[in-house]
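In what follows, a single structure is set out as structure tokens and then discussed.
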Amino acid sequence: MHTIARLSPDDFRGSVKSLADLLVDVVTDGASLGFLAPFDQKAAAAWWHARQPAVDDGSLTVWVAHGPGGITGTVSLVLERKPNGRHRAEIVKLMVHRDARGQGLARALLATAEQAAARAGTTLLLLDTVTGTAADHLYRGTGWTRYGIVPGYAADPGGTLEDCSFYYKRLTLSPSQADGAA
């Protein structure tokens, strides 16, 4: 059984070690999340610590899935701060520990971030992922629209360049959100 929770700034600060452990697990398993091997807990913790100001100011929201052994997954939402782009946000760093895969956790984390984005008034979500991966299939299967593939866009942890698929998803405002916007 897993529960998904949004991390407050203080909760985030206290979760960095566990988030770093998760990040090391998925990168070690070959996920292309922006890091190259060798990648260790210290580097992962430093990366998460550098996100603290964005969590503090609300431009980055982080959710975690808690299982019996601690944090087993995470997803983040980055809000656009430019005045002409406040209607959009980006889904980043959707990760599930390899021992917790196949249980619908990635789908649940993604849905959580999408629902929160819609409640915040976001009408356009963006993301990218390595083409042909389980994540690529997840996004296509959950209503995301692929708008392009860029060959050799990012290196996997071993340094091999991988094609990346870029996606968007339009969100609709609920009736109560639409009333508040008028």
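Chain labels follow the order of the structure tokens: the first chain is A, the next B, and so on; residue numbering restarts at 1 in every chain, and ligands are counted from 1 in their shown order.
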
Could you give me, as number ranges by chain, each residue of stretch 48-84 of chain A that DSSP assigns to strand (DSSP E) when run on this structure's backbone?
A: 60-67, 70-79

What are the closest atom pairs, with distances in Å to one decimal, for all residues of stretch 7-117 of chain A lying within 6 Å of stretch 152-168 of chain A? Consider only C-alpha atoms, order rows by chain and residue number, and present the result as CSV.
```
residue,atom,partner,partner_atom,distance
A:Gly30,CA,A:Pro157,CA,5.9
A:Ser32,CA,A:Asp156,CA,4.6
A:Phe35,CA,A:Pro157,CA,5.8
A:Leu36,CA,A:Pro157,CA,4.0
A:Ala37,CA,A:Pro157,CA,5.0
```

Here is a test: counting only C-alpha atoms, which residue of A:Leu126, A:Ala20, A:Leu33, A:Val26 is nearest to A:Gly85?
A:Leu126

Find the residues near A:Ala113: any atom within 10 Å, counting only C-alpha atoms, skip ones fewer than 3 places away on the same chain, and give them as an MDAnalysis selection string.
chainID A and resid 6 61:63 75:77 90:92 94 108:110 116:119 125

Dump C-alpha atoms for the selected residues as an mmCIF file, in the first residue's frame?
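Output below, filename out.cif:
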```
data_model
loop_
_atom_site.group_PDB
_atom_site.id
_atom_site.type_symbol
_atom_site.label_atom_id
_atom_site.label_comp_id
_atom_site.auth_asym_id
_atom_site.auth_seq_id
_atom_site.Cartn_x
_atom_site.Cartn_y
_atom_site.Cartn_z
ATOM 1 C CA ARG A 6 2.651 16.747 -1.261
ATOM 2 C CA THR A 61 5.821 21.274 -6.038
ATOM 3 C CA VAL A 62 7.020 17.804 -5.087
ATOM 4 C CA TRP A 63 4.876 14.786 -4.248
ATOM 5 C CA VAL A 75 6.858 13.563 -9.257
ATOM 6 C CA SER A 76 7.311 17.310 -9.458
ATOM 7 C CA LEU A 77 5.459 20.177 -11.062
ATOM 8 C CA GLU A 90 6.010 21.185 -16.617
ATOM 9 C CA ILE A 91 5.933 17.696 -15.145
ATOM 10 C CA VAL A 92 9.477 16.709 -14.129
ATOM 11 C CA LEU A 94 8.560 11.249 -12.322
ATOM 12 C CA ALA A 108 -1.064 7.606 -9.700
ATOM 13 C CA LEU A 109 1.755 10.130 -9.200
ATOM 14 C CA LEU A 110 1.163 11.590 -12.658
ATOM 15 C CA ALA A 116 -3.083 19.746 -8.734
ATOM 16 C CA ALA A 117 -2.068 21.647 -11.867
ATOM 17 C CA ALA A 118 -5.702 21.879 -12.985
ATOM 18 C CA ARG A 119 -6.764 23.107 -9.522
ATOM 19 C CA LEU A 125 1.234 20.762 -19.189
#
```

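Within 12 Å of A:Asp11, once only C-alpha atoms are used and residues closer than 3 positions along the same chain are dropped, the contacting residues are Ala5, Arg6, Leu7, Ser8, Gly14, Ser15, Val16, Lys17, Ser18, Leu19, Gln52, Val55, Asp56, Thr61, Val62, Trp63 and Val64 of chain A.
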
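Proximity ranking of A:Gly34, A:Pro53, A:Gly73, A:Pro9 relative to A:Val130 places A:Gly34 first, based on only C-alpha atoms.
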
Nearest to A:Arg98, chosen from A:Thr112, A:Thr131, A:Thr122, A:Thr28, with only C-alpha atoms counted in the distances:
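Among A:Thr112, A:Thr131, A:Thr122, A:Thr28, it is A:Thr28 that comes nearest to A:Arg98.
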
Write down as a VMD selection string the residues belonging to stretch 18-176 of chain A that are assigned helix (DSSP H, G or I) by DSSP computed on the backbone.
chain A and resid 18 to 28 41 to 49 52 to 57 83 to 85 98 to 100 105 to 119 134 to 141 175 to 176

Within 10 Å of A:Thr72, counting only C-alpha atoms, which residues show up once you throw out same-chain ones fewer than 5 positions away? Write them as a PyMOL selection string, please.
chain A and resi 2-4+18-19+21-22+64-67+95-101+105

Hey, can you spit out that residue selection with C-alpha atoms as an mmCIF file, in the first residue's frame?
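As a result, part38.cif now contains:
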```
data_model
loop_
_atom_site.group_PDB
_atom_site.id
_atom_site.type_symbol
_atom_site.label_atom_id
_atom_site.label_comp_id
_atom_site.auth_asym_id
_atom_site.auth_seq_id
_atom_site.Cartn_x
_atom_site.Cartn_y
_atom_site.Cartn_z
ATOM 1 C CA HIS A 2 1.294 3.416 -0.984
ATOM 2 C CA THR A 3 0.134 6.877 -0.030
ATOM 3 C CA ILE A 4 0.906 9.990 -2.047
ATOM 4 C CA SER A 18 15.283 9.513 0.817
ATOM 5 C CA LEU A 19 14.708 11.415 -2.431
ATOM 6 C CA ASP A 21 18.295 7.356 -2.537
ATOM 7 C CA LEU A 22 15.401 7.089 -4.996
ATOM 8 C CA VAL A 64 6.146 11.501 -2.906
ATOM 9 C CA ALA A 65 4.702 8.030 -2.688
ATOM 10 C CA HIS A 66 5.315 6.419 0.676
ATOM 11 C CA GLY A 67 5.425 2.653 0.945
ATOM 12 C CA MET A 95 10.393 8.328 -10.712
ATOM 13 C CA VAL A 96 9.443 5.013 -9.149
ATOM 14 C CA HIS A 97 11.905 2.782 -7.313
ATOM 15 C CA ARG A 98 12.555 -0.378 -9.308
ATOM 16 C CA ASP A 99 11.192 -2.520 -6.436
ATOM 17 C CA ALA A 100 7.847 -0.669 -6.548
ATOM 18 C CA ARG A 101 7.230 -0.743 -10.312
ATOM 19 C CA LEU A 105 2.414 4.088 -8.896
#
```

Pick from A:Arg170, A:Asp10, A:Ala44, A:Val150, whichever lies nearest to A:Val24 using only C-alpha atoms
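The closest residue to A:Val24 is A:Ala44.
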
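Distances to A:Phe12 were evaluated for A:Thr123, A:Thr74, A:Thr172, A:Thr145 using only C-alpha atoms, and the minimum falls at A:Thr74.
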
How many Å separate atom CA of A:Leu124 from atom CA of A:Leu171?
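Distance reported for this atom pair: 5.9 Å.
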